[in-house]
$ cat structure_4.txt   # compact mmCIF, C-alpha atoms and all ligand atoms
# COMPACT_ATOMS: atom_id res chain seq x y z
CA MET A 1 5.81 13.67 22.29
CA THR A 2 5.73 17.26 21.06
CA GLN A 3 3.61 18.40 18.18
CA SER A 4 5.31 18.13 14.79
CA PRO A 5 5.99 21.51 13.16
CA ASN A 6 4.98 20.05 9.78
CA PRO A 7 1.55 18.73 8.96
CA VAL A 8 1.91 14.94 8.96
CA PRO A 9 -1.34 13.26 8.04
CA VAL A 10 -2.25 9.88 9.42
CA VAL A 11 -2.39 7.17 6.73
CA VAL A 12 -4.16 3.94 7.59
CA ASN A 13 -3.38 1.05 5.28
CA TRP A 14 -6.20 -1.44 5.11
CA HIS A 15 -5.12 -4.69 3.49
CA LEU A 16 -8.60 -5.60 2.34
CA THR A 17 -7.70 -9.07 1.12
CA GLU A 18 -4.68 -11.31 0.88
CA ALA A 19 -5.98 -12.80 -2.39
CA CYS A 20 -4.07 -11.79 -5.49
CA ASN A 21 -4.04 -12.87 -9.13
CA PHE A 22 -0.23 -12.61 -9.07
CA SER A 23 2.14 -14.54 -6.85
CA CYS A 24 5.29 -12.52 -6.27
CA ARG A 25 8.04 -14.43 -4.53
CA TYR A 26 8.64 -11.76 -1.93
CA CYS A 27 4.94 -11.04 -1.25
CA TYR A 28 4.31 -10.39 2.43
CA ALA A 29 0.51 -10.19 2.11
CA HIS A 30 -0.14 -13.17 4.34
CA TRP A 31 -1.76 -12.97 7.72
CA GLU A 32 -2.46 -15.38 10.54
CA ARG A 33 -6.12 -16.16 10.30
CA ALA A 34 -8.65 -16.79 13.01
CA GLU A 35 -10.73 -19.56 11.38
CA SER A 36 -13.93 -18.34 12.99
CA VAL A 37 -13.61 -14.83 11.51
CA LYS A 38 -14.46 -14.04 7.88
CA ASP A 39 -12.62 -11.39 5.91
CA LEU A 40 -14.64 -8.19 6.18
CA VAL A 41 -14.60 -7.83 2.40
CA ARG A 42 -17.18 -10.64 2.14
CA GLU A 43 -19.91 -8.35 3.51
CA GLU A 44 -20.08 -4.79 2.25
CA HIS A 45 -21.84 -3.59 5.40
CA HIS A 46 -18.77 -4.78 7.36
CA VAL A 47 -16.56 -2.86 4.94
CA ARG A 48 -18.54 0.31 5.55
CA ALA A 49 -18.66 -0.29 9.32
CA LEU A 50 -14.90 -0.68 9.58
CA VAL A 51 -14.25 2.44 7.51
CA GLN A 52 -16.73 4.35 9.67
CA GLU A 53 -14.98 3.21 12.86
CA LEU A 54 -11.54 4.08 11.47
CA GLY A 55 -12.89 7.46 10.41
CA ARG A 56 -14.33 8.13 13.86
CA PHE A 57 -11.09 7.17 15.59
CA PHE A 58 -8.57 8.80 13.29
CA ARG A 59 -10.66 11.93 12.79
CA SER A 60 -11.02 12.43 16.54
CA GLY A 61 -7.58 14.04 16.84
CA GLY A 62 -6.64 11.80 19.79
CA VAL A 63 -4.21 9.69 17.80
CA ALA A 64 -2.69 12.71 16.11
CA GLN A 65 -2.12 14.39 19.48
CA GLN A 66 -0.78 11.27 21.16
CA PHE A 67 1.86 10.77 18.48
CA GLY A 68 2.64 14.36 17.58
CA LEU A 69 1.04 14.10 14.16
CA SER A 70 -0.95 16.93 12.68
CA GLY A 71 -4.69 17.20 12.47
CA ALA A 72 -4.50 17.06 8.64
CA GLN A 73 -7.24 14.98 7.07
CA PRO A 74 -6.35 11.29 7.53
CA ARG A 75 -6.23 8.97 4.54
CA LEU A 76 -7.51 5.42 4.16
CA ASN A 77 -5.21 3.51 1.83
CA ILE A 78 -6.87 0.38 0.44
CA ALA A 79 -4.29 -2.30 -0.30
CA GLY A 80 -4.05 -6.08 -0.53
CA GLY A 81 -3.30 -8.63 -1.88
CA GLU A 82 -4.94 -7.19 -4.95
CA PRO A 83 -7.90 -5.08 -3.77
CA LEU A 84 -9.43 -4.82 -7.26
CA LEU A 85 -10.36 -8.51 -7.10
CA PHE A 86 -13.15 -6.98 -4.98
CA SER A 87 -13.77 -3.84 -6.98
CA SER A 88 -17.25 -3.22 -5.62
CA ALA A 89 -15.98 -3.41 -2.01
CA VAL A 90 -13.18 -1.01 -2.95
CA GLN A 91 -15.74 1.43 -4.34
CA ALA A 92 -17.85 1.05 -1.16
CA ALA A 93 -14.81 1.63 1.07
CA ALA A 94 -13.62 4.66 -0.90
CA GLN A 95 -17.09 6.22 -0.90
CA GLN A 96 -17.55 5.55 2.81
CA ALA A 97 -14.12 7.03 3.52
CA ARG A 98 -15.15 10.25 1.82
CA ARG A 99 -18.45 10.22 3.72
CA VAL A 100 -16.73 9.99 7.12
CA GLY A 101 -14.12 12.62 6.33
CA LEU A 102 -11.17 10.49 5.28
CA ARG A 103 -9.28 10.85 2.05
CA ALA A 104 -9.01 7.62 0.05
CA SER A 105 -6.37 5.87 -2.01
CA ILE A 106 -5.69 2.42 -3.39
CA ILE A 107 -2.60 0.39 -4.17
CA THR A 108 -2.99 -2.07 -7.04
CA ASN A 109 -0.84 -4.21 -9.30
CA GLY A 110 -2.75 -2.58 -12.18
CA SER A 111 -3.65 -5.79 -14.01
CA LEU A 112 -7.39 -5.63 -13.21
CA LEU A 113 -7.88 -1.97 -14.08
CA THR A 114 -10.28 -1.36 -16.95
CA GLU A 115 -11.33 1.90 -18.53
CA ASP A 116 -14.83 1.52 -17.00
CA LEU A 117 -13.43 0.85 -13.54
CA CYS A 118 -11.06 3.81 -13.81
CA ASP A 119 -13.98 5.97 -14.87
CA SER A 120 -16.09 5.07 -11.82
CA LEU A 121 -13.29 4.89 -9.24
CA ALA A 122 -11.25 7.98 -10.07
CA PRO A 123 -13.62 10.61 -8.60
CA HIS A 124 -13.52 8.91 -5.16
CA LEU A 125 -9.74 8.72 -4.92
CA ASP A 126 -7.07 11.18 -3.89
CA MET A 127 -4.30 8.85 -4.87
CA LEU A 128 -3.74 5.71 -6.88
CA GLY A 129 -0.59 3.71 -6.30
CA ILE A 130 0.57 1.06 -8.72
CA SER A 131 3.19 -1.57 -8.01
CA ILE A 132 5.47 -2.44 -10.92
CA ASP A 133 8.85 -4.11 -10.49
CA SER A 134 9.96 -4.59 -14.06
CA GLY A 135 9.14 -3.63 -17.64
CA GLN A 136 10.43 -6.95 -18.93
CA SER A 137 8.10 -9.92 -19.40
CA SER A 138 10.82 -12.43 -18.53
CA ASN A 139 11.59 -10.77 -15.22
CA ASN A 140 7.93 -10.27 -14.36
CA LYS A 141 7.40 -13.99 -14.88
CA LEU A 142 10.37 -14.87 -12.69
CA ILE A 143 9.24 -12.48 -9.95
CA GLY A 144 5.74 -13.99 -10.07
CA ARG A 145 3.93 -10.98 -11.56
CA VAL A 146 1.88 -13.27 -13.78
CA ASP A 147 -1.52 -14.87 -13.25
CA SER A 148 -2.44 -18.55 -13.37
CA GLN A 149 -3.21 -18.27 -17.11
CA GLY A 150 0.19 -16.73 -17.87
CA ARG A 151 -1.14 -13.17 -18.25
CA LEU A 152 1.17 -10.28 -17.41
CA LEU A 153 0.44 -6.62 -16.84
CA ASP A 154 -0.53 -5.14 -20.24
CA PHE A 155 1.44 -1.88 -20.46
CA GLU A 156 -0.51 -0.59 -23.47
CA ALA A 157 -3.82 -1.02 -21.67
CA LEU A 158 -2.28 0.56 -18.58
CA GLY A 159 -1.39 3.69 -20.55
CA ARG A 160 -5.03 4.01 -21.72
CA ASN A 161 -6.31 3.42 -18.18
CA PHE A 162 -4.13 6.21 -16.84
CA GLU A 163 -5.50 8.55 -19.49
CA VAL A 164 -9.04 7.82 -18.22
CA LEU A 165 -8.01 8.20 -14.57
CA ARG A 166 -6.39 11.57 -15.22
CA HIS A 167 -9.24 12.77 -17.38
CA ARG A 168 -11.85 11.88 -14.71
CA ASN A 169 -9.80 13.24 -11.83
CA PRO A 170 -7.10 15.72 -12.89
CA SER A 171 -5.96 16.20 -9.29
CA LEU A 172 -5.42 12.47 -8.72
CA MET A 173 -1.95 11.81 -7.32
CA VAL A 174 -0.31 8.83 -9.03
CA LYS A 175 2.35 6.89 -7.21
CA LEU A 176 4.57 4.09 -8.46
CA ASN A 177 5.96 1.47 -6.06
CA THR A 178 8.89 -0.75 -6.99
CA VAL A 179 10.32 -3.45 -4.77
CA VAL A 180 13.99 -3.96 -5.55
CA ASN A 181 14.72 -7.65 -5.25
CA ARG A 182 17.20 -10.25 -6.42
CA LEU A 183 15.55 -10.54 -9.85
CA ASN A 184 15.11 -6.89 -10.90
CA TRP A 185 17.97 -5.01 -9.28
CA GLN A 186 19.74 -4.77 -12.66
CA ASP A 187 16.64 -3.51 -14.53
CA ASP A 188 16.17 -0.08 -16.05
CA LEU A 189 12.60 1.07 -15.31
CA SER A 190 12.86 4.41 -17.11
CA SER A 191 10.27 3.51 -19.76
CA VAL A 192 7.85 2.34 -17.05
CA VAL A 193 8.25 5.60 -15.14
CA ASP A 194 7.74 7.57 -18.36
CA LEU A 195 4.54 5.63 -19.06
CA VAL A 196 3.04 5.97 -15.58
CA ARG A 197 4.27 9.56 -15.03
CA PRO A 198 4.00 9.25 -11.24
CA GLY A 199 4.15 12.23 -8.92
CA LYS A 200 6.14 10.01 -6.62
CA TRP A 201 8.16 6.82 -7.14
CA LYS A 202 8.70 4.80 -4.03
CA ILE A 203 11.68 2.48 -4.31
CA LEU A 204 11.51 -0.17 -1.60
CA ARG A 205 13.87 -2.94 -0.71
CA ALA A 206 12.53 -6.52 -0.49
CA LEU A 207 11.97 -7.22 3.20
CA PRO A 208 13.43 -10.31 4.82
CA VAL A 209 10.20 -10.78 6.82
CA ILE A 210 9.05 -13.88 4.99
CA ASP A 211 12.34 -15.28 3.74
CA GLN A 212 15.79 -14.14 2.64
CA SER A 213 15.69 -15.43 -0.94
CA SER A 214 14.52 -12.18 -2.56
CA THR A 215 16.69 -9.72 -0.69
CA VAL A 216 19.50 -7.70 -2.27
CA THR A 217 22.82 -6.49 -0.91
CA ASP A 218 23.41 -2.83 -0.01
CA ASP A 219 25.49 -2.43 -3.19
CA GLN A 220 22.82 -3.96 -5.42
CA PHE A 221 20.14 -1.75 -3.93
CA GLN A 222 22.33 1.33 -4.34
CA ALA A 223 23.13 0.37 -7.94
CA PHE A 224 19.41 0.31 -8.73
CA VAL A 225 18.88 3.68 -7.06
CA SER A 226 21.87 5.27 -8.87
CA ARG A 227 20.76 3.91 -12.25
CA HIS A 228 17.54 5.86 -11.85
CA SER A 229 19.03 9.10 -10.58
CA ALA A 230 17.32 10.99 -13.43
CA PHE A 231 14.11 10.50 -11.43
CA ARG A 232 15.62 11.73 -8.17
CA SER A 233 13.12 14.55 -7.82
CA ILE A 234 10.18 12.13 -7.57
CA SER A 235 11.94 9.19 -5.88
CA VAL A 236 11.59 8.16 -2.27
CA VAL A 237 13.99 5.43 -1.27
CA GLU A 238 13.01 3.21 1.61
CA ASP A 239 15.41 0.79 3.24
CA ASN A 240 14.50 -2.18 5.46
CA GLN A 241 14.83 -0.48 8.81
CA ASP A 242 12.55 2.38 7.78
CA MET A 243 9.76 -0.08 7.16
CA LEU A 244 9.43 -1.59 10.63
CA GLU A 245 6.60 -0.39 12.85
CA SER A 246 6.02 2.81 10.97
CA TYR A 247 2.84 2.16 9.07
CA ILE A 248 -0.62 2.02 10.61
CA MET A 249 -1.93 -1.24 9.18
CA VAL A 250 -5.19 -3.19 9.31
CA ASP A 251 -5.48 -6.78 8.08
CA PRO A 252 -8.33 -8.43 6.07
CA GLN A 253 -10.06 -9.51 9.29
CA GLY A 254 -10.11 -5.95 10.55
CA ARG A 255 -7.26 -6.11 13.12
CA PHE A 256 -4.41 -3.64 13.52
CA PHE A 257 -1.08 -5.36 12.96
CA GLN A 258 2.60 -4.47 12.92
CA ASN A 259 5.74 -6.16 11.65
CA SER A 260 7.55 -6.57 14.92
CA PRO A 261 11.36 -6.43 14.94
CA CYS A 262 11.33 -8.94 17.82
CA SER A 263 9.87 -11.83 15.84
CA ALA A 264 9.63 -13.14 12.29
CA GLY A 265 5.93 -12.44 11.91
CA TYR A 266 3.31 -9.87 12.83
CA GLN A 267 1.73 -8.73 16.06
CA TYR A 268 -2.11 -8.38 15.97
CA SER A 269 -4.81 -6.56 17.88
CA GLU A 270 -8.27 -7.91 18.53
CA PRO A 271 -10.79 -7.19 15.72
CA ILE A 272 -11.50 -3.45 15.58
CA LEU A 273 -15.24 -3.96 15.10
CA ASP A 274 -15.36 -6.15 18.27
CA VAL A 275 -13.41 -3.99 20.72
CA GLY A 276 -13.37 -0.54 19.11
CA ALA A 277 -10.44 1.23 17.48
CA GLU A 278 -9.09 2.78 20.72
CA ARG A 279 -8.54 -0.50 22.48
CA ALA A 280 -7.33 -2.33 19.37
CA PHE A 281 -4.81 0.40 18.56
CA GLU A 282 -3.29 0.19 22.04
CA GLN A 283 -2.59 -3.51 21.45
CA VAL A 284 0.08 -3.04 18.73
CA ASN A 285 3.37 -1.15 18.61
CA PHE A 286 3.46 2.01 16.61
CA ASN A 287 6.75 3.78 16.06
CA ALA A 288 5.70 7.41 15.72
CA SER A 289 9.18 8.83 15.21
CA ARG A 290 9.78 6.51 12.24
CA PHE A 291 6.38 7.46 10.87
CA LEU A 292 7.34 11.11 11.15
CA SER A 293 10.75 10.64 9.56
CA ARG A 294 9.08 8.94 6.59
CA TYR A 295 7.02 12.04 6.03
CA THR A 296 9.92 14.41 6.51
CA ASN A 297 11.68 12.60 3.66
CA ASP A 298 8.61 11.88 1.68
CA SER A 299 6.12 14.74 1.87
CA GLY A 300 3.22 12.53 0.99
CA GLY A 301 1.75 9.13 1.63
CA ALA A 302 2.58 5.74 2.92
CA ALA A 303 2.44 2.28 1.35
S1 LIG A 401 1.05 -8.11 -6.76
FE1 LIG A 401 1.31 -7.45 -4.62
S2 LIG A 401 -0.20 -8.62 -3.45
FE2 LIG A 401 0.02 -9.60 -5.45
S3 LIG A 401 1.51 -11.23 -5.09
FE3 LIG A 401 2.61 -9.43 -5.85
S4 LIG A 401 3.27 -8.35 -3.98
FE4 LIG A 401 1.67 -9.81 -3.37
$ encode --input "structure_4.txt" --output "structure tokens" --more "lines below"
Ligand code: SF4
Amino acid sequence: MTQSPNPVPVVVNWHLTEACNFSCRYCYAHWERAESVKDLVREEHHVRALVQELGRFFRSGGVAQQFGLSGAQPRLNIAGGEPLLFSSAVQAAAQQARRVGLRASIITNGSLLTEDLCDSLAPHLDMLGISIDSGQSSNNKLIGRVDSQGRLLDFEALGRNFEVLRHRNPSLMVKLNTVVNRLNWQDDLSSVVDLVRPGKWKILRALPVIDQSSTVTDDQFQAFVSRHSAFRSISVVEDNQDMLESYIMVDPQGRFFQNSPCSAGYQYSEPILDVGAERAFEQVNFNASRFLSRYTNDSGGAA
């Protein structure tokens, strides 16, 4: 493949845990587990070792060259489940990322953010992504964005947390992710977007990877997108097909994985810390042209 004319940074999404305090119906954060292998998040030295190995591999330039990506500084995106259930491991991973020359970001459902956590985390992050599907309590309950005690995301607290984040790190990029699904496609999220003030709003369509019950029709998805056309300048719309094989993803046990179009589930590599990132990366499909087209449309990050 030829070198891309535009700088396209590599973004590696590490799903640090599949645990979450919410239980969204469409959640795809479930991985096949090897019983003998513990999640790396249980031991912070494993967290640091994995980030170091990813940094070595993705900083080497080999991957960028092989897939026609640029040599721009790669980014480690820490996702879940809900990564802030393990806030100290998230801090360790973000700090280690910086140490080995990676940029760092997290994706969170926002419910476990506190002003203290925002204060300590913000300086280590280049980007914070927050996933919100609805501003309405009733819909959030139906979607499953509620914890076992019935607690929902507190939007007032979220506003204060964003003030702290922006104060501590004025260059922090804030991203909002919304999954359009059967329960929220009629919602108006304008007040949520105004509260979060994201630099980018990624509007995704519920994937039929796990089951079909949350998916929306083309017309329903388009209706949601059109209703929010006032935010066109910050919106990135991502349809199902764009989402297959175009992220670089690592699971909680430290294996590369991909959502394969040939089967209902995922395809996994061996653990990266056992065989090294080179060999593990060769064991999964990676669709570089789809990765590139995402960035052509999106000028920023993944996940
Ligand atoms: S908040 Fe995210 S990780 Fe948690 S259940 Fe919902 S989709 Fe899954």
$ residues_around --input "structure_4.txt" --residues "A:Ser229" --least-positions-apart "4" --cutoff "12 Å" --atoms "only C-alpha atoms" --output "number ranges by chain"
A: 188-190, 201, 203, 222-225, 233-237
$ closest_residue --input "structure_4.txt" --among "A:His46, A:Leu76, A:Asp147, A:Phe155" --to "A:Pro271" --atoms "all atoms listed in the file"
A:His46
$ closest_residue --input "structure_4.txt" --among "A:Ala280, A:Ile107, A:Leu152, A:Ala89" --to "A:Gln136" --atoms "all atoms listed in the file"
A:Leu152
$ residues_near_point --input "structure_4.txt" --point "(-14.5, 10.8, -1.9)" --cutoff "8 Å" --atoms "all atoms listed in the file" --output "NGL selection string"
:A and (94-99 or 102-104 or 123-126)
$ residues_near_ligand --input "structure_4.txt" --ligand "ligand LIG 401 (chain A)" --cutoff "9 Å" --atoms "only C-alpha atoms and all ligand atoms" --output "mmCIF file with C-alpha atoms, in the coordinates of the input"
data_model
loop_
_atom_site.group_PDB
_atom_site.id
_atom_site.type_symbol
_atom_site.label_atom_id
_atom_site.label_comp_id
_atom_site.auth_asym_id
_atom_site.auth_seq_id
_atom_site.Cartn_x
_atom_site.Cartn_y
_atom_site.Cartn_z
ATOM 1 C CA THR A 17 -7.700 -9.070 1.120
ATOM 2 C CA GLU A 18 -4.680 -11.310 0.880
ATOM 3 C CA ALA A 19 -5.980 -12.800 -2.390
ATOM 4 C CA CYS A 20 -4.070 -11.790 -5.490
ATOM 5 C CA ASN A 21 -4.040 -12.870 -9.130
ATOM 6 C CA PHE A 22 -0.230 -12.610 -9.070
ATOM 7 C CA SER A 23 2.140 -14.540 -6.850
ATOM 8 C CA CYS A 24 5.290 -12.520 -6.270
ATOM 9 C CA ARG A 25 8.040 -14.430 -4.530
ATOM 10 C CA TYR A 26 8.640 -11.760 -1.930
ATOM 11 C CA CYS A 27 4.940 -11.040 -1.250
ATOM 12 C CA TYR A 28 4.310 -10.390 2.430
ATOM 13 C CA ALA A 29 0.510 -10.190 2.110
ATOM 14 C CA HIS A 30 -0.140 -13.170 4.340
ATOM 15 C CA ALA A 79 -4.290 -2.300 -0.300
ATOM 16 C CA GLY A 80 -4.050 -6.080 -0.530
ATOM 17 C CA GLY A 81 -3.300 -8.630 -1.880
ATOM 18 C CA GLU A 82 -4.940 -7.190 -4.950
ATOM 19 C CA PRO A 83 -7.900 -5.080 -3.770
ATOM 20 C CA ILE A 107 -2.600 0.390 -4.170
ATOM 21 C CA THR A 108 -2.990 -2.070 -7.040
ATOM 22 C CA ASN A 109 -0.840 -4.210 -9.300
ATOM 23 C CA GLY A 110 -2.750 -2.580 -12.180
ATOM 24 C CA SER A 111 -3.650 -5.790 -14.010
ATOM 25 C CA SER A 131 3.190 -1.570 -8.010
ATOM 26 C CA ILE A 132 5.470 -2.440 -10.920
ATOM 27 C CA ILE A 143 9.240 -12.480 -9.950
ATOM 28 C CA GLY A 144 5.740 -13.990 -10.070
ATOM 29 C CA ARG A 145 3.930 -10.980 -11.560
ATOM 30 C CA VAL A 146 1.880 -13.270 -13.780
ATOM 31 C CA VAL A 179 10.320 -3.450 -4.770
#
$ closest_residue --input "structure_4.txt" --among "A:Met249, A:Val12, A:Ala34, A:Leu183" --to "A:Ser213" --atoms "all atoms listed in the file"
A:Leu183
$ residues_near_point --input "structure_4.txt" --point "(-8.4, -3.6, 14.7)" --cutoff "6 Å" --atoms "all atoms listed in the file" --output "ChimeraX atom specification"
/A:254-256,269-272,277,280
$ atom_distance --input "structure_4.txt" --atom1 "atom CA of A:Val11" --atom2 "atom CA of A:Gln52"
14.9 Å
$ atom_distance --input "structure_4.txt" --atom1 "atom CA of A:Arg227" --atom2 "atom CA of A:Arg182"
15.7 Å
$ closest_residue --input "structure_4.txt" --among "A:Glu35, A:Asp116, A:Asp219, A:Glu44" --to "A:Gln186" --atoms "all atoms listed in the file"
A:Asp219
$ atom_distance --input "structure_4.txt" --atom1 "atom CA of A:Pro252" --atom2 "atom CA of A:Arg168"
29.3 Å
$ closest_residue --input "structure_4.txt" --among "A:Phe281, A:Ala157, A:His15, A:Leu273" --to "A:Val37" --atoms "only C-alpha atoms"
A:Leu273
$ axis_aligned_box --input "structure_4.txt" --around "stretch 85-99 of chain A" --padding-each-side "5 Å" --output "JSON"
{"center_x": -14.4, "center_y": 0.9, "center_z": -1.7, "size_x": 18.1, "size_y": 28.8, "size_z": 20.8}
$ residues_around --input "structure_4.txt" --residues "A:Leu117" --least-positions-apart "3" --cutoff "10 Å" --atoms "all atoms listed in the file" --output "ChimeraX atom specification"
/A:84,87-88,91,112-114,120-122,161,164-165
$ closest_residue --input "structure_4.txt" --among "A:Gly159, A:Glu43, A:Asp194, A:Arg151" --to "A:Phe86" --atoms "only C-alpha atoms"
A:Glu43
$ decode --input "structure_4.txt" --residues "stretch 264-276 of chain A" --atoms "N, CA, C and O atoms" --output "short mmCIF file (atom, residue, chain, number, x, y, z; two decimals), in the first residue's frame"
data_model
loop_
_atom_site.label_atom_id
_atom_site.label_comp_id
_atom_site.auth_asym_id
_atom_site.auth_seq_id
_atom_site.Cartn_x
_atom_site.Cartn_y
_atom_site.Cartn_z
N ALA A 264 -20.15 -14.42 13.67
CA ALA A 264 -20.91 -13.55 14.57
C ALA A 264 -20.03 -12.93 15.64
O ALA A 264 -20.37 -11.92 16.22
N GLY A 265 -18.90 -13.52 15.94
CA GLY A 265 -18.11 -13.04 17.06
C GLY A 265 -16.81 -12.38 16.64
O GLY A 265 -16.73 -11.77 15.58
N TYR A 266 -15.81 -12.50 17.49
CA TYR A 266 -14.52 -11.87 17.26
C TYR A 266 -13.47 -12.91 16.91
O TYR A 266 -13.59 -14.09 17.23
N GLN A 267 -12.40 -12.40 16.32
CA GLN A 267 -11.23 -13.21 16.02
C GLN A 267 -10.11 -12.69 16.94
O GLN A 267 -9.97 -11.47 17.07
N TYR A 268 -9.35 -13.58 17.59
CA TYR A 268 -8.35 -13.16 18.59
C TYR A 268 -6.94 -13.58 18.22
O TYR A 268 -6.74 -14.63 17.61
N SER A 269 -5.98 -12.79 18.69
CA SER A 269 -4.58 -13.21 18.59
C SER A 269 -4.20 -13.95 19.88
O SER A 269 -4.99 -14.03 20.81
N GLU A 270 -2.99 -14.43 19.93
CA GLU A 270 -2.45 -14.90 21.21
C GLU A 270 -2.16 -13.68 22.08
O GLU A 270 -2.07 -12.55 21.58
N PRO A 271 -1.98 -13.88 23.42
CA PRO A 271 -1.69 -12.71 24.28
C PRO A 271 -0.42 -11.98 23.83
O PRO A 271 0.61 -12.59 23.59
N ILE A 272 -0.53 -10.66 23.75
CA ILE A 272 0.58 -9.84 23.25
C ILE A 272 1.81 -9.99 24.14
O ILE A 272 2.94 -10.06 23.64
N LEU A 273 1.60 -10.08 25.46
CA LEU A 273 2.76 -10.18 26.35
C LEU A 273 3.43 -11.55 26.26
O LEU A 273 4.57 -11.72 26.67
N ASP A 274 2.73 -12.56 25.70
CA ASP A 274 3.34 -13.90 25.55
C ASP A 274 4.14 -14.00 24.25
O ASP A 274 5.22 -14.59 24.24
N VAL A 275 3.60 -13.45 23.16
CA VAL A 275 4.23 -13.72 21.85
C VAL A 275 4.83 -12.46 21.22
O VAL A 275 5.48 -12.55 20.17
N GLY A 276 4.61 -11.31 21.85
CA GLY A 276 5.11 -10.06 21.27
C GLY A 276 4.07 -9.46 20.32
O GLY A 276 3.25 -10.18 19.74
#
